[in-house]
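Next comes data.csv, with CSV, C-alpha atoms.
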chain,number,residue,atom,x,y,z
A,1,MET,CA,0.0,0.0,0.0
A,2,ASN,CA,1.2,3.5,-0.7
A,3,GLU,CA,2.5,5.0,2.6
A,4,LEU,CA,0.5,8.2,2.2
A,5,ASP,CA,-2.7,6.1,1.9
A,6,ALA,CA,-1.6,4.0,4.8
A,7,ALA,CA,-1.2,7.1,6.9
A,8,GLY,CA,-4.5,8.5,5.9
A,9,ILE,CA,-3.0,11.5,4.1
A,10,ARG,CA,-5.6,12.5,1.4
A,11,ALA,CA,-5.3,16.2,0.7
A,12,PRO,CA,-3.4,16.9,-2.5
A,13,GLU,CA,-1.3,19.7,-1.0
A,14,LEU,CA,-0.4,17.6,2.0
A,15,ARG,CA,0.5,14.6,-0.2
A,16,ALA,CA,2.8,16.8,-2.3
A,17,ALA,CA,4.4,18.2,0.9
A,18,TYR,CA,5.2,14.8,2.3
A,19,THR,CA,6.4,13.6,-1.1
A,20,GLY,CA,8.8,16.5,-1.2
A,21,CYS,CA,10.2,15.6,2.2
A,22,LYS,CA,10.6,12.0,1.1
A,23,ARG,CA,12.7,13.2,-1.9
A,24,ILE,CA,14.9,15.2,0.5
A,25,ASN,CA,15.4,12.2,2.7
A,26,ALA,CA,16.2,9.9,-0.2
A,27,HIS,CA,18.7,12.3,-1.6
A,28,HIS,CA,20.5,13.5,1.5
A,29,GLY,CA,20.0,10.7,4.1
A,30,ARG,CA,20.8,7.5,2.3
A,31,THR,CA,21.3,5.4,5.5
A,32,PHE,CA,18.4,6.9,7.4
A,33,PHE,CA,16.1,6.6,4.3
A,34,LEU,CA,17.0,3.0,3.9
A,35,ALA,CA,16.2,2.4,7.5
A,36,THR,CA,12.8,4.2,7.3
A,37,ARG,CA,11.8,1.7,4.6
A,38,LEU,CA,11.5,-0.8,7.5
A,39,LEU,CA,9.0,1.3,9.4
A,40,PRO,CA,5.3,0.5,9.0
A,41,ALA,CA,4.0,2.3,5.9
A,42,ARG,CA,1.8,4.6,8.0
A,43,ALA,CA,4.8,5.9,10.0
A,44,ARG,CA,7.1,6.6,7.1
A,45,PRO,CA,5.7,10.0,6.0
A,46,ALA,CA,6.3,11.4,9.5
A,47,ALA,CA,9.9,10.2,9.5
A,48,HIS,CA,10.4,11.9,6.1
A,49,ALA,CA,8.8,15.2,7.4
A,50,LEU,CA,11.1,15.3,10.5
A,51,TYR,CA,14.1,14.6,8.4
A,52,GLY,CA,13.1,17.2,5.8
A,53,PHE,CA,12.8,19.9,8.4
A,54,ALA,CA,16.1,19.0,10.1
A,55,ARG,CA,17.9,18.9,6.7
A,56,MET,CA,16.3,22.2,5.7
A,57,ALA,CA,17.6,24.0,8.8
A,58,ASP,CA,21.0,22.3,8.6
A,59,GLU,CA,21.5,23.4,5.0
A,60,LEU,CA,20.8,27.0,5.9
A,61,VAL,CA,23.9,26.9,8.1
A,62,ASP,CA,26.2,24.4,6.3
A,63,ASN,CA,25.5,25.5,2.7
A,64,PRO,CA,24.0,29.0,2.8
A,65,GLU,CA,23.0,30.7,-0.4
A,66,PRO,CA,25.6,33.3,-1.5
A,67,GLY,CA,25.1,36.5,0.3
A,68,SER,CA,22.5,35.1,2.7
A,69,ASP,CA,22.7,35.4,6.5
A,70,PRO,CA,22.3,32.0,8.2
A,71,ALA,CA,21.3,33.5,11.5
A,72,ALA,CA,18.5,35.5,9.8
A,73,SER,CA,17.5,32.4,7.8
A,74,LEU,CA,17.2,30.4,11.0
A,75,ASP,CA,15.1,33.2,12.5
A,76,ARG,CA,12.7,32.9,9.6
A,77,VAL,CA,12.4,29.2,10.2
A,78,GLY,CA,11.7,29.9,13.9
A,79,THR,CA,8.9,32.2,12.8
A,80,LEU,CA,7.4,29.4,10.7
A,81,VAL,CA,7.7,27.0,13.7
A,82,ASP,CA,5.7,29.7,15.6
A,83,VAL,CA,3.0,29.4,13.0
A,84,VAL,CA,2.9,25.6,13.3
A,85,PHE,CA,2.5,25.7,17.1
A,86,ASP,CA,0.0,28.5,16.9
A,87,GLY,CA,-2.2,26.1,14.9
A,88,GLY,CA,-1.5,27.5,11.5
A,89,THR,CA,0.0,26.0,8.3
A,90,PRO,CA,3.1,27.8,7.0
A,91,ASP,CA,3.5,28.6,3.3
A,92,ASP,CA,6.4,26.2,2.9
A,93,PRO,CA,6.1,22.6,1.7
A,94,VAL,CA,8.5,21.1,4.3
A,95,LEU,CA,6.7,23.0,7.1
A,96,VAL,CA,3.3,21.9,5.7
A,97,ALA,CA,4.3,18.3,6.3
A,98,LEU,CA,5.9,19.1,9.6
A,99,ALA,CA,2.8,20.8,10.9
A,100,ASP,CA,0.7,17.8,10.1
A,101,THR,CA,3.3,15.5,11.7
A,102,VAL,CA,3.4,17.6,14.8
A,103,ARG,CA,-0.3,17.5,15.2
A,104,ARG,CA,-0.6,13.8,14.5
A,105,TYR,CA,2.0,12.8,17.0
A,106,GLY,CA,1.6,15.6,19.6
A,107,LEU,CA,5.2,16.6,19.3
A,108,SER,CA,6.5,19.1,21.9
A,109,ARG,CA,7.5,22.7,20.9
A,110,GLU,CA,10.5,22.5,23.2
A,111,LEU,CA,12.1,19.9,21.0
A,112,PHE,CA,12.1,22.2,18.0
A,113,ASP,CA,13.2,25.2,20.0
A,114,ALA,CA,16.2,23.2,21.3
A,115,PHE,CA,17.0,22.1,17.8
A,116,LEU,CA,17.0,25.6,16.4
A,117,LYS,CA,19.1,26.8,19.3
A,118,SER,CA,21.8,24.2,18.4
A,119,MET,CA,21.6,25.2,14.8
A,120,ARG,CA,22.3,28.8,15.8
A,121,MET,CA,25.3,27.6,17.7
A,122,ASP,CA,26.8,26.4,14.4
A,123,VAL,CA,26.6,29.9,12.8
A,124,LYS,CA,29.9,31.0,14.4
A,125,PRO,CA,33.2,29.2,14.6
A,126,VAL,CA,32.8,26.2,16.9
A,127,GLU,CA,34.9,24.4,19.5
A,128,TYR,CA,34.1,22.8,22.8
A,129,ARG,CA,36.4,22.3,25.8
A,130,THR,CA,34.7,19.3,27.4
A,131,PHE,CA,32.0,16.7,26.7
A,132,ALA,CA,29.9,18.6,29.3
A,133,GLU,CA,30.0,21.7,27.1
A,134,LEU,CA,29.3,19.7,24.0
A,135,GLY,CA,26.3,18.1,25.7
A,136,GLU,CA,24.2,21.3,25.4
A,137,TYR,CA,24.8,21.4,21.7
A,138,MET,CA,24.1,17.7,21.3
A,139,TYR,CA,20.9,17.8,23.2
A,140,GLY,CA,19.4,20.1,20.5
A,141,SER,CA,21.2,18.7,17.5
A,142,ALA,CA,20.9,15.0,18.3
A,143,ALA,CA,18.9,14.0,21.4
A,144,VAL,CA,15.8,15.9,20.4
A,145,ILE,CA,15.8,14.0,17.0
A,146,GLY,CA,15.6,10.7,18.9
A,147,LEU,CA,12.8,12.2,21.0
A,148,GLN,CA,10.9,13.5,18.0
A,149,MET,CA,11.0,10.1,16.4
A,150,LEU,CA,10.0,8.2,19.6
A,151,PRO,CA,6.2,8.8,19.1
A,152,VAL,CA,6.6,7.7,15.5
A,153,PHE,CA,8.3,4.5,16.5
A,154,GLY,CA,5.8,3.9,19.3
A,155,THR,CA,6.5,2.3,22.6
A,156,ILE,CA,5.2,-0.8,24.5
A,157,GLY,CA,5.2,1.0,27.9
A,158,PRO,CA,5.5,4.5,29.3
A,159,VAL,CA,7.2,6.9,26.8
A,160,ALA,CA,9.4,8.1,29.6
A,161,ASP,CA,11.0,4.7,30.0
A,162,ALA,CA,12.1,4.7,26.3
A,163,GLU,CA,13.4,8.3,26.3
A,164,PRO,CA,17.0,7.5,27.5
A,165,GLY,CA,17.4,5.0,24.6
A,166,ALA,CA,16.0,7.5,22.1
A,167,ILE,CA,18.4,10.2,23.4
A,168,ALA,CA,21.3,7.7,23.1
A,169,LEU,CA,20.2,6.8,19.6
A,170,GLY,CA,20.4,10.5,18.4
A,171,GLU,CA,23.7,11.0,20.2
A,172,ALA,CA,25.3,7.9,18.8
A,173,PHE,CA,24.5,8.9,15.3
A,174,GLN,CA,25.7,12.5,15.9
A,175,LEU,CA,29.0,11.4,17.5
A,176,THR,CA,29.5,9.1,14.5
A,177,ASN,CA,29.0,12.0,12.1
A,178,PHE,CA,31.5,14.1,14.1
A,179,LEU,CA,34.1,11.5,13.7
A,180,ARG,CA,33.4,10.9,10.0
A,181,ASP,CA,33.3,14.6,9.2
A,182,VAL,CA,36.3,16.0,11.2
A,183,GLY,CA,38.0,17.2,8.0
A,184,GLU,CA,34.9,18.8,6.6
A,185,ASP,CA,34.0,20.4,9.8
A,186,LEU,CA,37.4,22.0,10.1
A,187,ASP,CA,36.8,23.5,6.7
A,188,ARG,CA,33.7,25.2,8.2
A,189,GLY,CA,35.6,26.5,11.3
A,190,ARG,CA,34.1,23.8,13.5
A,191,LEU,CA,35.6,21.2,15.8
A,192,TYR,CA,33.2,19.1,17.8
A,193,LEU,CA,35.7,16.7,19.4
A,194,PRO,CA,36.3,18.2,22.9
A,195,LEU,CA,39.7,19.9,23.2
A,196,ASP,CA,40.4,18.5,26.7
A,197,GLU,CA,39.9,15.0,25.5
A,198,LEU,CA,42.2,15.6,22.5
A,199,ALA,CA,44.8,17.2,24.7
A,200,ALA,CA,45.0,14.0,26.8
A,201,PHE,CA,46.6,12.5,23.6
A,202,GLY,CA,48.7,15.5,22.8
A,203,VAL,CA,46.4,16.6,20.0
A,204,THR,CA,45.6,20.2,19.3
A,205,ARG,CA,43.3,21.9,16.8
A,206,SER,CA,46.3,23.2,14.9
A,207,LEU,CA,47.7,19.6,14.7
A,208,LEU,CA,44.5,18.4,13.2
A,209,GLU,CA,44.5,21.3,10.7
A,210,GLU,CA,47.9,20.1,9.4
A,211,ARG,CA,46.0,17.1,8.1
A,212,ARG,CA,48.9,14.7,8.2
A,213,PRO,CA,49.2,11.2,9.6
A,214,ASP,CA,50.2,11.3,13.3
A,215,PRO,CA,50.0,8.5,15.9
A,216,ARG,CA,48.6,10.9,18.5
A,217,ILE,CA,45.7,11.7,16.2
A,218,ARG,CA,45.1,8.0,15.5
A,219,ALA,CA,45.1,7.2,19.3
A,220,ALA,CA,42.7,10.0,20.0
A,221,LEU,CA,40.3,9.0,17.3
A,222,ALA,CA,40.4,5.3,18.4
A,223,TYR,CA,39.4,6.5,21.9
A,224,PHE,CA,36.5,8.5,20.5
A,225,VAL,CA,35.3,5.5,18.4
A,226,ALA,CA,35.4,3.3,21.5
A,227,ARG,CA,33.5,5.9,23.5
A,228,THR,CA,30.9,6.2,20.8
A,229,ARG,CA,30.4,2.4,20.7
A,230,ALA,CA,29.4,2.7,24.4
A,231,VAL,CA,26.7,5.1,23.4
A,232,TYR,CA,25.4,2.7,20.8
A,233,ARG,CA,25.1,0.0,23.5
A,234,ARG,CA,22.9,2.4,25.5
A,235,ALA,CA,20.8,3.0,22.4
A,236,GLU,CA,20.5,-0.8,21.7
A,237,ALA,CA,19.2,-1.3,25.2
A,238,GLY,CA,16.2,0.9,24.4
A,239,VAL,CA,15.2,-1.0,21.3
A,240,PRO,CA,13.1,-3.7,23.1
A,241,LEU,CA,11.0,-0.8,24.6
A,242,LEU,CA,9.8,0.2,21.1
A,243,ARG,CA,6.8,-1.3,19.3
A,244,PRO,CA,7.8,-4.5,17.6
A,245,GLU,CA,7.1,-3.3,14.1
A,246,SER,CA,9.5,-0.4,14.6
A,247,ARG,CA,12.4,-2.4,16.0
A,248,PRO,CA,13.8,-3.6,12.6
A,249,CYS,CA,14.2,0.0,11.4
A,250,VAL,CA,16.1,1.1,14.5
A,251,ARG,CA,18.2,-2.0,14.7
A,252,THR,CA,19.2,-1.6,11.0
A,253,ALA,CA,20.0,2.0,11.5
A,254,LEU,CA,22.2,1.2,14.5
A,255,THR,CA,24.0,-1.5,12.5
A,256,LEU,CA,24.6,0.7,9.5
A,257,TYR,CA,25.8,3.7,11.4
A,258,GLN,CA,28.1,1.6,13.5
A,259,GLY,CA,29.5,0.4,10.2
A,260,ILE,CA,30.8,3.9,9.7
A,261,LEU,CA,32.9,3.5,12.8
A,262,ASP,CA,34.2,0.2,11.3
A,263,GLU,CA,35.2,2.0,8.2
A,264,ILE,CA,36.9,4.8,10.1
A,265,ALA,CA,39.0,2.1,11.8
A,266,ALA,CA,39.7,0.4,8.4
A,267,LEU,CA,41.1,3.7,7.2
A,268,ASP,CA,43.5,3.7,10.1
A,269,TYR,CA,41.6,6.7,11.5
A,270,ASP,CA,42.5,8.9,8.5
A,271,VAL,CA,39.4,11.1,8.6
A,272,LEU,CA,41.2,14.3,7.9
A,273,THR,CA,41.8,13.6,4.2
A,274,ARG,CA,39.3,10.8,3.5
A,275,ARG,CA,35.6,10.1,4.1
A,276,ALA,CA,34.5,6.8,5.7
A,277,VAL,CA,31.6,5.4,3.8
A,278,VAL,CA,29.8,2.1,4.3
A,279,PRO,CA,29.9,0.3,1.0
A,280,LYS,CA,26.5,-0.1,-0.8
A,281,SER,CA,27.0,-3.9,-0.8
A,282,ARG,CA,27.3,-3.9,3.0
A,283,ARG,CA,24.2,-1.7,3.4
A,284,LEU,CA,22.2,-4.1,1.2
A,285,VAL,CA,23.4,-7.2,3.1
A,286,VAL,CA,22.2,-5.6,6.3
A,287,ALA,CA,19.0,-4.1,5.0
A,288,LEU,CA,17.7,-6.7,2.5
A,289,PRO,CA,16.5,-9.4,4.9
A,290,PRO,CA,14.3,-7.1,7.0
A,291,LEU,CA,13.2,-5.3,3.9
A,292,ALA,CA,12.0,-8.6,2.4
A,293,ALA,CA,10.1,-9.4,5.7
A,294,VAL,CA,8.4,-6.0,5.6
A,295,TRP,CA,7.5,-6.4,1.9
A,296,ALA,CA,6.0,-9.9,2.6
A,297,ARG,CA,4.1,-8.6,5.6
A,298,GLU,CA,2.6,-5.7,3.8
A,299,THR,CA,1.8,-7.7,0.7
A,300,PHE,CA,0.1,-10.4,2.7
A,301,ARG,CA,-2.0,-7.9,4.6
A,302,GLY,CA,-2.8,-6.0,1.4
A,303,GLY,CA,-3.9,-9.2,-0.2
A,304,ARG,CA,-6.0,-10.2,2.8
A,305,ARG,CA,-7.8,-6.8,2.7
A,306,LEU,CA,-8.5,-7.2,-1.0
A,307,ARG,CA,-10.0,-10.7,-0.5
A,308,SER,CA,-12.2,-9.6,2.5

Using structure tokens, write down the structure that the file contains.
Amino acid sequence: MNELDAAGIRAPELRAAYTGCKRINAHHGRTFFLATRLLPARARPAAHALYGFARMADELVDNPEPGSDPAASLDRVGTLVDVVFDGGTPDDPVLVALADTVRRYGLSRELFDAFLKSMRMDVKPVEYRTFAELGEYMYGSAAVIGLQMLPVFGTIGPVADAEPGAIALGEAFQLTNFLRDVGEDLDRGRLYLPLDELAAFGVTRSLLEERRPDPRIRAALAYFVARTRAVYRRAEAGVPLLRPESRPCVRTALTLYQGILDEIAALDYDVLTRRAVVPKSRRLVVALPPLAAVWARETFRGGRRLRS
């Protein structure tokens, strides 16, 4: 069944808005998009809308239009979010889908305010001294994404019980991105790896900016990879608290994103001049079995409905 039909999305404008968000997800979020194919059809449009909104805001900061002011652009997005939570529908396709998702799942305004706050923190040159300092940024940039997705995944018990796992899920993915993108982030004037942690290995920002092999950098990155794997373990502990039909999506995403850490290690931690990418063949090996199970389940149910 078409996922828009499964979600009960009938209005043409709304269908077009969700379809646009799906295209954004498919184009920019290959791993996340692949994982969303494992969600129940009715839940996929909401995942696309949340991704589309996050990507839209992120692009305003990371790849601003020539001559534009990222801070002012984020303020305009904040005004559109005001419209959403005042009960209106903004004149922007991504926000049209987001408004519908917010209302369907009762998402909290605080999650979007925290997200935009972290996006504003990226406008100026970035560095953090400790993980505690980084934590404020990561709450808005990563933890809230997990919390936004939690009602879409659904839980088998109180939502509060599943929130720590959802927070860890967002943080694990974000930390993985930090490690994969060290070189790209330096180009943008950003360094998310805490300076005090780097200093323990004799690594400074200026040493990283030299972009040459160094055993101190390898040791520091190996430490960060190990630390990130511990966050994945916390996220994995929360999977059994989700509704059964959502677990394959989350488990697959966890496996694929951890594969990026494996690729970083395979590159001997050279993330300053190279980009760690999980090969398409590995992504398919991980995702095809659960995708086949979802296809069979939905095909069987669809056939049963047609015969009834």

Using only C-alpha atoms, what does the table of region 197-218 of chain A residues within 12 Å of region 114-127 of chain A look like, with each row giving the shortest atom pair and its distance in Å to one decimal, sorted by chain and ascending number, as CSV?
residue,atom,partner,partner_atom,distance
A:Leu198,CA,A:Glu127,CA,11.8
A:Thr204,CA,A:Glu127,CA,11.5
A:Arg205,CA,A:Glu127,CA,9.2

Item to check | Counting only C-alpha atoms, the residue of A:Leu34, A:Ala143, A:Leu60, A:Leu267 that sits nearest Lys280 (chain A) | outcome: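 Smallest distance to Lys280 (chain A) is found for A:Leu34.
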
Item to check | Counting all atoms listed in the file, the residue of A:Ala220, A:Ala253, A:Leu98, A:Ala17 that sits nearest Asp196 (chain A) | outcome: A:Ala220

Item to check | Distance of CA of Glu236 (chain A) from CA of Leu4 (chain A), expressed in Å to one decimal place | outcome: 29.3 Å

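Among the candidates A:Leu50, A:Ala235, A:Leu254, A:Leu147, the residue lying nearest to Gly165 (chain A) is A:Ala235 (atoms considered: all atoms listed in the file).
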
Item to check | Å distance separating CA of Phe173 (chain A) from CA of Arg227 (chain A), one decimal place | outcome: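 If I compute the distance from CA of Phe173 (chain A) to CA of Arg227 (chain A), I get 12.5 Å.
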
Item to check | Nearby residues, (47.8, 8.8, 19.5) file frame, 12 Å, only C-alpha atoms, as a PyMOL selection string | outcome: chain A and resi 197-204+207-208+213-224+268-269

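Using all atoms listed in the file, the smallest distance between any of A:Gly170, A:Gly154, A:Pro45, A:Pro248 and Ser141 (chain A) comes from A:Gly170.
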
Checklist entry - So what do you get for CA of Pro290 (chain A) versus CA of Arg23 (chain A), distance-wise? => result 22.2 Å

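Nearest residue to Glu245 (chain A), choosing from A:Gly29, A:Gly67, A:Pro194, A:Pro40 and counting all atoms listed in the file: A:Pro40.
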
Checklist entry - Using all atoms listed in the file, which of A:Met149, A:Val182, A:Leu261, A:Leu272 sits nearest Arg212 (chain A)? => result A:Leu272

Item to check | Selection as an MDAnalysis selection string: residues within 9 Å of (4.1, 8.7, 9.3), counting all atoms listed in the file | outcome: chainID A and resid 3:4 6:7 39:49 101 104:105 152

Item to check | Exercise: Tyr18 (chain A) partners within 7 Å, all atoms listed in the file, chain neighbours under 3 positions left out, as a ChimeraX atom specification | outcome: /A:14-15,21-22,45,49,97

Those same residues - C-alpha atoms - I'd like them written as an mmCIF file, keeping the file's coordinate frame.
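selection_31.cif, written as the output of this step:
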data_model
loop_
_atom_site.group_PDB
_atom_site.id
_atom_site.type_symbol
_atom_site.label_atom_id
_atom_site.label_comp_id
_atom_site.auth_asym_id
_atom_site.auth_seq_id
_atom_site.Cartn_x
_atom_site.Cartn_y
_atom_site.Cartn_z
ATOM 1 C CA LEU A 14 -0.400 17.600 2.000
ATOM 2 C CA ARG A 15 0.500 14.600 -0.200
ATOM 3 C CA CYS A 21 10.200 15.600 2.200
ATOM 4 C CA LYS A 22 10.600 12.000 1.100
ATOM 5 C CA PRO A 45 5.700 10.000 6.000
ATOM 6 C CA ALA A 49 8.800 15.200 7.400
ATOM 7 C CA ALA A 97 4.300 18.300 6.300
#

Item to check | Neighbour list for Val225 (chain A) as a ChimeraX atom specification, cut-off 9 Å, only C-alpha atoms, skip fewer than 4 positions in-chain | outcome: /A:175-176,179,220-221,229-230,261-262,264-265

Any chance you can output those residues with C-alpha atoms as an mmCIF file, in the frame of the given file?
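New file selection06.cif:
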data_model
loop_
_atom_site.group_PDB
_atom_site.id
_atom_site.type_symbol
_atom_site.label_atom_id
_atom_site.label_comp_id
_atom_site.auth_asym_id
_atom_site.auth_seq_id
_atom_site.Cartn_x
_atom_site.Cartn_y
_atom_site.Cartn_z
ATOM 1 C CA LEU A 175 29.000 11.400 17.500
ATOM 2 C CA THR A 176 29.500 9.100 14.500
ATOM 3 C CA LEU A 179 34.100 11.500 13.700
ATOM 4 C CA ALA A 220 42.700 10.000 20.000
ATOM 5 C CA LEU A 221 40.300 9.000 17.300
ATOM 6 C CA ARG A 229 30.400 2.400 20.700
ATOM 7 C CA ALA A 230 29.400 2.700 24.400
ATOM 8 C CA LEU A 261 32.900 3.500 12.800
ATOM 9 C CA ASP A 262 34.200 0.200 11.300
ATOM 10 C CA ILE A 264 36.900 4.800 10.100
ATOM 11 C CA ALA A 265 39.000 2.100 11.800
#

For Gly183 (chain A), please output as a JSON list (two decimals) with C-alpha atoms, in the frame of the given file all residues within 10 Å (counting all atoms listed in the file; exclusion window: fewer than 6 positions along the same chain).
[["chain", "number", "residue", "atom", "x", "y", "z"],
["A", 190, "ARG", "CA", 34.10, 23.80, 13.50],
["A", 191, "LEU", "CA", 35.60, 21.20, 15.80],
["A", 208, "LEU", "CA", 44.50, 18.40, 13.20],
["A", 209, "GLU", "CA", 44.50, 21.30, 10.70],
["A", 211, "ARG", "CA", 46.00, 17.10, 8.10],
["A", 270, "ASP", "CA", 42.50, 8.90, 8.50],
["A", 271, "VAL", "CA", 39.40, 11.10, 8.60],
["A", 272, "LEU", "CA", 41.20, 14.30, 7.90],
["A", 273, "THR", "CA", 41.80, 13.60, 4.20],
["A", 274, "ARG", "CA", 39.30, 10.80, 3.50],
["A", 275, "ARG", "CA", 35.60, 10.10, 4.10]]

Checklist entry - Quick one: residues within 8 Å of Pro70 (chain A), only C-alpha atoms counted, chain neighbours fewer than 2 positions away excluded, as a PyMOL selection string? => result chain A and resi 60-61+64+68+72-74+123
